[in-house]
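**Q** If it helps, the file is called query01.cif and holds mmCIF, C-alpha atoms:
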```cif
data_upload
#
loop_
_atom_site.group_PDB
_atom_site.id
_atom_site.type_symbol
_atom_site.label_atom_id
_atom_site.label_comp_id
_atom_site.auth_asym_id
_atom_site.auth_seq_id
_atom_site.Cartn_x
_atom_site.Cartn_y
_atom_site.Cartn_z
ATOM 1 C CA MET G 24 68.958 97.052 49.966
ATOM 2 C CA TYR G 25 70.817 99.783 51.769
ATOM 3 C CA SER G 26 69.501 98.561 55.007
ATOM 4 C CA PHE G 27 70.676 95.036 54.226
ATOM 5 C CA ILE G 28 74.221 96.187 53.369
ATOM 6 C CA ALA G 29 74.391 98.220 56.513
ATOM 7 C CA SER G 30 73.366 95.203 58.512
ATOM 8 C CA ARG G 31 76.090 93.101 56.923
ATOM 9 C CA ARG G 32 78.689 95.699 57.852
ATOM 10 C CA LEU G 33 77.443 95.777 61.386
ATOM 11 C CA LEU G 34 77.633 92.025 61.487
ATOM 12 C CA ALA G 35 81.271 92.149 60.401
ATOM 13 C CA VAL G 36 82.109 94.728 63.026
ATOM 14 C CA GLY G 37 80.268 92.743 65.651
ATOM 15 C CA VAL G 38 82.240 89.585 64.944
ATOM 16 C CA LEU G 39 85.561 91.416 65.135
ATOM 17 C CA LEU G 40 84.659 92.979 68.454
ATOM 18 C CA PHE G 41 83.537 89.624 69.745
ATOM 19 C CA LEU G 42 86.866 88.034 68.836
ATOM 20 C CA ALA G 43 88.796 90.912 70.354
ATOM 21 C CA GLN G 44 86.794 90.655 73.540
ATOM 22 C CA ARG G 45 87.402 86.933 73.762
ATOM 23 C CA ALA G 46 91.111 87.403 73.265
ATOM 24 C CA GLN G 47 91.344 90.173 75.821
ATOM 25 C CA GLY G 48 89.006 88.625 78.344
ATOM 26 C CA GLN G 49 90.338 85.110 78.338
ATOM 27 C CA GLY G 50 93.862 85.014 77.106
ATOM 28 C CA SER G 51 95.789 88.244 77.294
ATOM 29 C CA LEU G 52 95.582 89.125 80.975
ATOM 30 C CA ILE G 53 98.790 87.856 82.481
ATOM 31 C CA VAL G 54 99.424 87.998 86.217
ATOM 32 C CA ARG G 55 102.882 87.069 87.390
ATOM 33 C CA PRO G 56 104.005 87.114 91.042
ATOM 34 C CA LEU G 57 107.555 88.403 91.133
ATOM 35 C CA GLN G 58 108.404 88.503 94.811
ATOM 36 C CA ASN G 59 106.982 87.707 98.233
ATOM 37 C CA LEU G 60 106.573 90.217 101.042
ATOM 38 C CA SER G 61 109.505 89.609 103.354
ATOM 39 C CA PHE G 62 109.852 91.254 106.734
ATOM 40 C CA GLY G 63 113.176 89.543 107.349
ATOM 41 C CA SER G 64 114.455 89.228 110.890
ATOM 42 C CA LEU G 65 112.220 90.682 113.579
ATOM 43 C CA LEU G 66 112.951 91.446 117.181
ATOM 44 C CA PRO G 67 110.376 90.743 119.872
ATOM 45 C CA GLY G 68 108.505 93.931 120.684
ATOM 46 C CA VAL G 69 109.890 95.906 117.754
ATOM 47 C CA PRO G 70 107.416 96.636 114.923
ATOM 48 C CA SER G 71 108.892 96.447 111.443
ATOM 49 C CA THR G 72 107.486 98.262 108.423
ATOM 50 C CA VAL G 73 108.247 97.326 104.840
ATOM 51 C CA ASP G 74 107.435 100.175 102.499
ATOM 52 C CA ALA G 75 106.013 99.358 99.088
ATOM 53 C CA LEU G 76 109.059 101.054 97.581
ATOM 54 C CA ASN G 77 111.418 98.771 99.478
ATOM 55 C CA LEU G 78 112.252 96.810 96.350
ATOM 56 C CA ALA G 79 114.198 94.169 98.249
ATOM 57 C CA ARG G 80 111.336 93.284 100.604
ATOM 58 C CA SER G 81 107.986 94.381 99.198
ATOM 59 C CA ALA G 82 105.708 91.936 97.414
ATOM 60 C CA GLN G 83 105.652 92.529 93.679
ATOM 61 C CA ILE G 84 103.129 91.398 91.115
ATOM 62 C CA GLU G 85 103.309 92.074 87.394
ATOM 63 C CA VAL G 86 100.131 92.454 85.335
ATOM 64 C CA LYS G 87 100.053 92.562 81.540
ATOM 65 C CA SER G 88 97.105 93.146 79.302
ATOM 66 C CA LEU G 89 96.022 95.088 76.253
ATOM 67 C CA GLN G 90 96.528 98.812 76.228
ATOM 68 C CA GLY G 91 93.244 100.442 77.166
ATOM 69 C CA ALA G 92 92.113 97.521 79.289
ATOM 70 C CA THR G 93 90.620 98.182 82.691
ATOM 71 C CA PHE G 94 91.048 95.760 85.509
ATOM 72 C CA GLU G 95 90.467 95.494 89.236
ATOM 73 C CA ILE G 96 92.994 94.305 91.783
ATOM 74 C CA ARG G 97 91.974 92.964 95.154
ATOM 75 C CA PHE G 98 94.300 91.759 97.885
ATOM 76 C CA THR G 99 93.077 89.215 100.392
ATOM 77 C CA LEU G 100 95.285 90.252 103.258
ATOM 78 C CA PRO G 101 96.101 88.176 106.329
ATOM 79 C CA THR G 102 95.722 89.813 109.728
ATOM 80 C CA ALA G 103 98.614 87.800 111.107
ATOM 81 C CA LEU G 104 101.451 85.541 110.170
ATOM 82 C CA THR G 105 101.494 82.099 111.715
ATOM 83 C CA GLY G 106 104.424 80.096 112.988
ATOM 84 C CA ALA G 107 106.127 78.820 116.138
ATOM 85 C CA GLY G 108 102.725 77.708 117.387
ATOM 86 C CA THR G 109 101.362 81.218 117.515
ATOM 87 C CA THR G 110 100.542 84.279 115.440
ATOM 88 C CA LEU G 111 102.291 87.531 114.649
ATOM 89 C CA PRO G 112 99.991 90.483 113.900
ATOM 90 C CA LEU G 113 100.183 92.302 110.575
ATOM 91 C CA ALA G 114 98.806 95.651 109.498
ATOM 92 C CA PHE G 115 98.374 97.279 106.111
ATOM 93 C CA SER G 116 97.892 101.026 105.906
ATOM 94 C CA SER G 117 96.165 103.159 103.286
ATOM 95 C CA SER G 118 99.490 103.657 101.519
ATOM 96 C CA SER G 119 100.911 100.165 101.821
ATOM 97 C CA ALA G 120 100.334 99.404 98.148
ATOM 98 C CA GLY G 121 101.451 101.134 95.005
ATOM 99 C CA VAL G 122 101.586 100.663 91.276
ATOM 100 C CA SER G 123 104.022 101.737 88.627
ATOM 101 C CA ALA G 124 104.711 101.142 84.971
ATOM 102 C CA SER G 125 108.309 100.507 86.001
ATOM 103 C CA SER G 126 109.489 97.405 87.813
ATOM 104 C CA SER G 127 112.076 99.470 89.708
ATOM 105 C CA PRO G 128 110.356 102.792 90.293
ATOM 106 C CA SER G 129 111.464 105.757 92.347
ATOM 107 C CA ALA G 130 107.856 106.704 93.051
ATOM 108 C CA LEU G 131 104.520 104.915 93.111
ATOM 109 C CA VAL G 132 100.875 105.689 92.673
ATOM 110 C CA ARG G 133 99.761 104.681 96.170
ATOM 111 C CA PHE G 134 96.517 103.016 97.110
ATOM 112 C CA ASP G 135 94.939 101.213 100.036
ATOM 113 C CA PRO G 136 95.367 97.447 99.676
ATOM 114 C CA ASN G 137 92.505 96.876 102.080
ATOM 115 C CA TYR G 138 90.111 97.803 99.282
ATOM 116 C CA ALA G 139 89.760 96.786 95.658
ATOM 117 C CA ALA G 140 91.190 99.274 93.193
ATOM 118 C CA ARG G 141 90.632 99.735 89.471
ATOM 119 C CA PHE G 142 93.220 100.690 86.914
ATOM 120 C CA THR G 143 93.292 101.252 83.167
ATOM 121 C CA PHE G 144 96.266 100.661 80.951
ATOM 122 C CA THR G 145 96.698 103.961 79.164
ATOM 123 C CA SER G 146 100.189 104.416 77.783
ATOM 124 C CA THR G 147 101.475 100.990 78.688
ATOM 125 C CA ASN G 148 100.362 97.375 78.698
ATOM 126 C CA LYS G 149 102.346 96.270 81.745
ATOM 127 C CA VAL G 150 102.382 97.485 85.333
ATOM 128 C CA THR G 151 103.911 96.240 88.554
ATOM 129 C CA PHE G 152 102.115 96.308 91.875
ATOM 130 C CA PHE G 153 104.070 96.684 95.086
ATOM 131 C CA LEU G 154 102.798 95.742 98.536
ATOM 132 C CA GLY G 155 104.349 96.566 101.880
ATOM 133 C CA GLY G 156 102.996 96.289 105.382
ATOM 134 C CA GLN G 157 103.860 96.270 109.041
ATOM 135 C CA ALA G 158 104.649 93.275 111.258
ATOM 136 C CA ARG G 159 104.004 93.812 114.942
ATOM 137 C CA PRO G 160 105.708 91.165 117.061
ATOM 138 C CA THR G 161 104.841 91.251 120.727
ATOM 139 C CA GLY G 162 107.445 91.611 123.435
ATOM 140 C CA VAL G 163 107.195 87.887 124.116
ATOM 141 C CA GLN G 164 106.886 86.762 120.503
ATOM 142 C CA SER G 165 108.165 83.216 120.117
ATOM 143 C CA VAL G 166 111.336 82.735 118.125
ATOM 144 C CA GLY G 167 110.823 81.106 114.748
ATOM 145 C CA ALA G 168 109.723 81.468 111.159
ATOM 146 C CA TYR G 169 106.294 82.890 110.347
ATOM 147 C CA SER G 170 104.355 83.111 107.112
ATOM 148 C CA ALA G 171 100.922 83.694 105.639
ATOM 149 C CA PRO G 172 99.444 83.649 102.149
ATOM 150 C CA ILE G 173 98.328 86.806 100.405
ATOM 151 C CA VAL G 174 95.885 86.228 97.584
ATOM 152 C CA VAL G 175 95.897 88.724 94.761
ATOM 153 C CA THR G 176 92.832 88.642 92.546
ATOM 154 C CA ILE G 177 92.895 90.494 89.240
ATOM 155 C CA THR G 178 89.630 90.895 87.380
ATOM 156 C CA ASN G 179 89.714 91.979 83.773
ATOM 157 C CA LEU G 180 86.945 94.496 83.230
ATOM 158 C CA GLY G 181 87.540 94.791 79.480
ATOM 159 C CA VAL G 182 88.620 97.551 77.144
ATOM 160 C CA MET O 13 66.555 94.480 63.911
ATOM 161 C CA ILE O 14 69.665 92.598 63.121
ATOM 162 C CA THR O 15 71.640 95.479 64.589
ATOM 163 C CA ARG O 16 69.795 95.282 67.874
ATOM 164 C CA HIS O 17 70.404 91.567 68.091
ATOM 165 C CA LEU O 18 74.101 92.069 67.466
ATOM 166 C CA ILE O 19 74.400 94.745 70.101
ATOM 167 C CA THR O 20 72.510 92.634 72.582
ATOM 168 C CA ALA O 21 74.671 89.625 71.845
ATOM 169 C CA PHE O 22 77.868 91.623 72.216
ATOM 170 C CA SER O 23 76.790 93.105 75.502
ATOM 171 C CA VAL O 24 76.121 89.692 76.961
ATOM 172 C CA ILE O 25 79.418 88.339 75.680
ATOM 173 C CA GLY O 26 81.164 91.335 77.104
ATOM 174 C CA ALA O 27 79.717 90.656 80.523
ATOM 175 C CA THR O 28 80.687 87.006 80.507
ATOM 176 C CA GLY O 29 84.134 87.935 79.221
ATOM 177 C CA LEU O 30 85.086 89.257 82.694
ATOM 178 C CA HIS O 31 87.923 87.115 83.832
ATOM 179 C CA ALA O 32 89.485 86.948 87.265
ATOM 180 C CA GLN O 33 92.838 85.484 88.093
ATOM 181 C CA SER O 34 94.023 84.757 91.619
ATOM 182 C CA SER O 35 97.679 84.653 92.309
ATOM 183 C CA PRO O 36 99.153 83.677 95.667
ATOM 184 C CA ILE O 37 102.128 85.339 97.209
ATOM 185 C CA THR O 38 103.487 84.894 100.711
ATOM 186 C CA ALA O 39 104.341 87.184 103.583
ATOM 187 C CA THR O 40 107.219 85.917 105.695
ATOM 188 C CA ALA O 41 109.130 86.921 108.803
ATOM 189 C CA GLU O 42 111.505 85.366 111.262
ATOM 190 C CA VAL O 43 111.497 86.308 114.909
ATOM 191 C CA VAL O 44 114.946 86.082 116.356
ATOM 192 C CA THR O 45 116.418 85.516 119.794
ATOM 193 C CA PRO O 46 114.759 87.421 122.609
ATOM 194 C CA ILE O 47 116.880 89.550 124.850
ATOM 195 C CA THR O 48 117.911 88.416 128.312
ATOM 196 C CA VAL O 49 119.274 90.465 131.186
ATOM 197 C CA THR O 50 120.911 88.803 134.170
ATOM 198 C CA GLY O 51 122.308 90.413 137.283
ATOM 199 C CA THR O 52 125.563 88.557 137.892
ATOM 200 C CA ALA O 53 127.115 90.470 140.805
ATOM 201 C CA PRO O 54 125.854 93.040 143.338
ATOM 202 C CA LEU O 55 127.477 96.429 143.779
ATOM 203 C CA ASP O 56 129.050 95.681 147.134
ATOM 204 C CA PHE O 57 130.678 98.433 149.189
ATOM 205 C CA GLY O 58 131.674 96.031 151.936
ATOM 206 C CA THR O 59 132.300 97.488 155.375
ATOM 207 C CA ILE O 60 131.891 101.238 155.731
ATOM 208 C CA LEU O 61 133.041 103.415 158.607
ATOM 209 C CA GLN O 62 130.909 106.206 160.025
ATOM 210 C CA GLY O 63 131.767 109.508 158.400
ATOM 211 C CA VAL O 64 133.990 107.940 155.727
ATOM 212 C CA ASN O 65 132.785 107.881 152.179
ATOM 213 C CA LYS O 66 133.624 104.888 150.042
ATOM 214 C CA ASN O 67 134.002 104.467 146.311
ATOM 215 C CA ILE O 68 133.806 101.322 144.264
ATOM 216 C CA ASN O 69 135.094 101.701 140.734
ATOM 217 C CA PHE O 70 133.595 99.841 137.793
ATOM 218 C CA ASN O 71 136.662 97.612 137.665
ATOM 219 C CA ASN O 72 136.807 96.790 141.380
ATOM 220 C CA ALA O 73 135.930 93.349 142.644
ATOM 221 C CA GLY O 74 132.858 94.813 144.333
ATOM 222 C CA SER O 75 131.434 96.409 141.197
ATOM 223 C CA GLY O 76 127.906 95.554 140.175
ATOM 224 C CA ARG O 77 127.558 93.488 137.036
ATOM 225 C CA PHE O 78 124.905 92.569 134.522
ATOM 226 C CA SER O 79 125.120 90.399 131.434
ATOM 227 C CA ILE O 80 122.873 90.838 128.418
ATOM 228 C CA THR O 81 122.401 88.401 125.573
ATOM 229 C CA GLY O 82 120.475 88.661 122.324
ATOM 230 C CA ILE O 83 120.978 88.801 118.601
ATOM 231 C CA SER O 84 124.311 90.040 117.313
ATOM 232 C CA ASN O 85 124.463 93.594 116.013
ATOM 233 C CA ALA O 86 121.070 94.528 117.431
ATOM 234 C CA GLN O 87 120.675 97.992 118.848
ATOM 235 C CA LEU O 88 119.494 98.130 122.432
ATOM 236 C CA ALA O 89 117.949 100.682 124.709
ATOM 237 C CA LEU O 90 119.207 100.250 128.254
ATOM 238 C CA THR O 91 117.291 101.857 131.079
ATOM 239 C CA PHE O 92 118.903 101.926 134.485
ATOM 240 C CA ILE O 93 116.961 102.702 137.641
ATOM 241 C CA LEU O 94 119.601 103.872 140.067
ATOM 242 C CA PRO O 95 118.679 104.448 143.706
ATOM 243 C CA ALA O 96 119.720 107.688 145.364
ATOM 244 C CA THR O 97 119.906 106.066 148.777
ATOM 245 C CA LEU O 98 120.498 102.710 150.400
ATOM 246 C CA SER O 99 118.179 101.757 153.215
ATOM 247 C CA ASN O 100 118.530 100.068 156.557
ATOM 248 C CA GLY O 101 115.041 100.141 157.997
ATOM 249 C CA VAL O 102 114.288 103.813 158.438
ATOM 250 C CA ALA O 103 117.954 104.780 158.160
ATOM 251 C CA THR O 104 119.317 105.762 154.777
ATOM 252 C CA MET O 105 122.702 106.386 153.231
ATOM 253 C CA PRO O 106 123.199 108.336 149.994
ATOM 254 C CA ILE O 107 124.626 106.550 146.974
ATOM 255 C CA SER O 108 125.820 108.539 143.998
ATOM 256 C CA ASN O 109 128.550 108.991 141.391
ATOM 257 C CA TYR O 110 127.539 105.915 139.479
ATOM 258 C CA GLY O 111 130.134 104.949 136.914
ATOM 259 C CA ILE O 112 128.795 102.564 134.301
ATOM 260 C CA ARG O 113 130.785 100.863 131.576
ATOM 261 C CA VAL O 114 129.975 98.213 128.998
ATOM 262 C CA ASN O 115 132.055 95.691 127.133
ATOM 263 C CA ASP O 116 131.514 93.018 124.496
ATOM 264 C CA THR O 117 133.531 90.588 126.566
ATOM 265 C CA ASN O 118 133.182 89.722 130.206
ATOM 266 C CA THR O 119 136.042 91.845 131.436
ATOM 267 C CA SER O 120 136.180 95.388 132.715
ATOM 268 C CA ALA O 121 139.451 96.014 130.885
ATOM 269 C CA GLY O 122 138.713 98.126 127.833
ATOM 270 C CA ALA O 123 135.095 98.704 128.800
ATOM 271 C CA SER O 124 133.461 101.824 127.362
ATOM 272 C CA ALA O 125 131.847 104.483 129.500
ATOM 273 C CA LEU O 126 128.096 104.810 129.228
ATOM 274 C CA SER O 127 126.521 108.133 130.070
ATOM 275 C CA VAL O 128 123.505 107.194 132.134
ATOM 276 C CA THR O 129 120.700 109.103 133.742
ATOM 277 C CA SER O 130 118.437 107.071 135.959
ATOM 278 C CA GLY O 131 115.219 106.218 134.173
ATOM 279 C CA ILE O 132 116.339 107.565 130.780
ATOM 280 C CA PRO O 133 117.034 104.998 128.026
ATOM 281 C CA VAL O 134 120.477 105.010 126.505
ATOM 282 C CA THR O 135 121.277 103.156 123.310
ATOM 283 C CA THR O 136 124.124 100.805 122.653
ATOM 284 C CA ASN O 137 124.863 97.853 120.392
ATOM 285 C CA LEU O 138 124.946 94.163 121.056
ATOM 286 C CA VAL O 139 127.955 93.557 118.880
ATOM 287 C CA ASN O 140 128.626 89.873 119.414
ATOM 288 C CA GLY O 141 125.304 88.857 120.888
ATOM 289 C CA ALA O 142 126.429 89.678 124.416
ATOM 290 C CA LEU O 143 127.066 92.784 126.468
ATOM 291 C CA TYR O 144 128.558 93.054 129.935
ATOM 292 C CA VAL O 145 127.781 95.964 132.231
ATOM 293 C CA PHE O 146 130.005 97.094 135.097
ATOM 294 C CA ILE O 147 128.710 99.530 137.713
ATOM 295 C CA GLY O 148 130.627 101.487 140.309
ATOM 296 C CA GLY O 149 129.465 104.168 142.712
ATOM 297 C CA ARG O 150 129.995 106.025 145.959
ATOM 298 C CA VAL O 151 128.257 105.879 149.318
ATOM 299 C CA THR O 152 128.317 108.836 151.671
ATOM 300 C CA SER O 153 128.414 107.771 155.279
ATOM 301 C CA ALA O 154 127.348 110.296 157.903
ATOM 302 C CA ALA O 155 129.257 110.693 161.135
ATOM 303 C CA ALA O 156 126.264 109.300 162.985
ATOM 304 C CA GLN O 157 125.349 106.733 160.362
ATOM 305 C CA ALA O 158 123.291 103.997 162.013
ATOM 306 C CA TYR O 159 124.943 100.615 162.189
ATOM 307 C CA GLY O 160 123.568 97.839 160.048
ATOM 308 C CA THR O 161 123.235 96.537 156.538
ATOM 309 C CA TYR O 162 122.064 98.959 153.879
ATOM 310 C CA THR O 163 120.593 97.824 150.603
ATOM 311 C CA GLY O 164 119.077 99.267 147.482
ATOM 312 C CA THR O 165 117.950 97.943 144.141
ATOM 313 C CA ILE O 166 119.572 98.728 140.812
ATOM 314 C CA THR O 167 117.338 97.775 137.933
ATOM 315 C CA LEU O 168 118.440 97.366 134.334
ATOM 316 C CA ALA O 169 115.854 96.974 131.574
ATOM 317 C CA ALA O 170 116.935 96.260 128.020
ATOM 318 C CA ALA O 171 114.846 96.414 124.871
ATOM 319 C CA TYR O 172 115.602 96.003 121.208
ATOM 320 C CA THR O 173 115.315 99.144 119.180
ATOM 321 C CA GLY O 174 116.531 97.859 115.855
ATOM 322 C CA LEU O 175 118.805 95.656 113.832
#
```
Show how you would write the structure in this file as structure tokens.
**A**
Amino acid sequence: MYSFIASRRLLAVGVLLFLAQRAQGQGSLIVRPLQNLSFGSLLPGVPSTVDALNLARSAQIEVKSLQGATFEIRFTLPTALTGAGTTLPLAFSSSSAGVSASSSPSALVRFDPNYAARFTFTSTNKVTFFLGGQARPTGVQSVGAYSAPIVVTITNLGV
Amino acid sequence: MITRHLITAFSVIGATGLHAQSSPITATAEVVTPITVTGTAPLDFGTILQGVNKNINFNNAGSGRFSITGISNAQLALTFILPATLSNGVATMPISNYGIRVNDTNTSAGASALSVTSGIPVTTNLVNGALYVFIGGRVTSAAAQAYGTYTGTITLAAAYTGL
């Protein structure tokens, strides 16, 4: 009898956890791109670096989830922009990316965007990722507009 | 037994609950006008007498001139290669006292002095997308200077250093 009651309680707990996991895994992870990475005007032969903390130019992505949730972020980074019938090399350093609980921070927790990184929401349920980089136009870089997609993949690893 | 089943079921659900979202953003840039440098007039000392030095000021008709075009408000590094002598076969004649000025318009009036050392970059701004360079100098003619035409090459290289 005791054993049976205990089993029923466990069943109840199990169902609640299952529902919570479904809600967190499927519905409550919200990824919102806020801003593209913009290098602006470039001069042939003059490299241009956008720091992650350059709020006017860095790419910004907002992620919301449940407090306590762990997730992984992975950037699929282009090696070059394309345009004007040619390419324009890009580089991302080990400190090109950063994350903050604030959307307009004065400091970031830096990480290397070339590798996947894991984070856990501890005292907040919303963070903003910032991505900078360096454009390296050649001395004979053709005049024109250049662009490339950056894919940001967020994987919810659960609570 | 029931407990084990529940734990097993939850673990499996937990694994399949992993959920990835991909979100595209874009990196953009615009490459602007390249810089051009054109020699528009030689530094011409004209006829020189033996033993008589001759100066050409930056605003004389014989001054050397370059024009530079590029994007407005860009900062430039200008590197001048200034010869120390002019040559006429094996004969040489010293050239010195270069006076170099720059202006946003194509006139020597109001041009600003540029402190230049041969081979050392000096920075200036391309205010209106154009810069005009005026070059004067002095040749020192020896008393026994060989007759003939003496030439040398003044080279100006310009590169963007910023916006």
**Q** Run the PyMOL selection byres ((chain O) within 6 of (chain G)) on the file and write out the hits as a list in words.
**A**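 Applying the expression gives Gly29, Leu30, His31, Ala32, Gln33, Ser34, Ser35, Pro36, Ile37, Thr38, Ala39, Thr40, Ala41, Glu42, Val43 and Val44 of chain O.
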**Q** Would you mind exporting C-alpha atoms of the selected residues as a PDB file, in the frame of the given file?
**A**
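This went into again-v4.pdb:
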```pdb
ATOM      1  CA  GLY O  29      84.134  87.935  79.221  1.00  0.00           C
ATOM      2  CA  LEU O  30      85.086  89.257  82.694  1.00  0.00           C
ATOM      3  CA  HIS O  31      87.923  87.115  83.832  1.00  0.00           C
ATOM      4  CA  ALA O  32      89.485  86.948  87.265  1.00  0.00           C
ATOM      5  CA  GLN O  33      92.838  85.484  88.093  1.00  0.00           C
ATOM      6  CA  SER O  34      94.023  84.757  91.619  1.00  0.00           C
ATOM      7  CA  SER O  35      97.679  84.653  92.309  1.00  0.00           C
ATOM      8  CA  PRO O  36      99.153  83.677  95.667  1.00  0.00           C
ATOM      9  CA  ILE O  37     102.128  85.339  97.209  1.00  0.00           C
ATOM     10  CA  THR O  38     103.487  84.894 100.711  1.00  0.00           C
ATOM     11  CA  ALA O  39     104.341  87.184 103.583  1.00  0.00           C
ATOM     12  CA  THR O  40     107.219  85.917 105.695  1.00  0.00           C
ATOM     13  CA  ALA O  41     109.130  86.921 108.803  1.00  0.00           C
ATOM     14  CA  GLU O  42     111.505  85.366 111.262  1.00  0.00           C
ATOM     15  CA  VAL O  43     111.497  86.308 114.909  1.00  0.00           C
ATOM     16  CA  VAL O  44     114.946  86.082 116.356  1.00  0.00           C
TER      17      VAL O  44
END
```
**Q** Tell me which residues the PyMOL selection byres ((chain O and resi 128) around 9) grabs here, as a list in words.
**A**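 Selected by the PyMOL selection byres ((chain O and resi 128) around 9) in this file: Thr91, Phe92, Tyr110, Gly111, Ile112, Leu126, Ser127, Thr129, Ser130, Gly131, Ile132, Pro133 and Val134 of chain O.
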**Q** I'd like the neighbourhood of Ser118 in chain G as a ChimeraX atom specification, where a residue qualifies if any of its atoms comes within 12 Å (using only C-alpha atoms), though same-chain residues fewer than 2 positions away should be ignored.
**A** /G:72-76,114-116,120-122,131-138,153-157
**Q** Go through the shown structure with the PyMOL selection byres ((chain G and resi 151) around 6) and write out the matching residues as a VMD selection string.
**A** chain G and resid 84 to 85 122 to 123 126 150 152
**Q** For Thr165 in chain O, find every residue with an atom within 9 Å (counting all atoms listed in the file), except residues of its own chain fewer than 2 positions away, and show them as an MDAnalysis selection string.
**A** chainID O and resid 93:95 98 163 167
**Q** Would you compute the distance between CA of Arg159 in chain G and CA of Pro112 in chain G? Give it in Å to one decimal.
**A**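 According to the coordinates, CA of Arg159 in chain G and CA of Pro112 in chain G are separated by 5.3 Å.
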**Q** Could you check how far CA of Ile80 in chain O sits from CA of Gly141 in chain O, in Å to one decimal?
**A**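 Rounded to one decimal, the two atoms are 8.2 Å apart.
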**Q** Mind pulling up the distance from CA of Asn85 in chain O to CA of Ile47 in chain O?
**A**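 Pair CA of Ile47 in chain O / CA of Asn85 in chain O returns 12.3 Å.
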**Q** Applying 6 Å and only C-alpha atoms, which residues near Thr143 in chain G remain after dropping the ones on its own chain fewer than 2 positions away? List them as an MDAnalysis selection string.
**A** chainID G and resid 92:93 145
**Q** Select all residues near (119.4, 94.8, 118.4) (cut-off 8 Å, inclusive, file coordinates), counting only C-alpha atoms, and output them as a PyMOL selection string.
**A** (chain G and resi 66) or (chain O and resi 82-88+137-138+172-175)
**Q** Could you name the residues that touch Thr147 in chain G at 12 Å or less, counting all atoms listed in the file, but leaving out those on the same chain fewer than 5 positions away, as a PyMOL selection string?
**A** chain G and resi 86-93+123-125+142
**Q** For Asn109 in chain O, which residue among O:Ala73, O:Val151, O:Leu143, O:Ala170 is the nearest when counting all atoms listed in the file?
**A**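 Smallest separation from Asn109 in chain O among the options: O:Val151.
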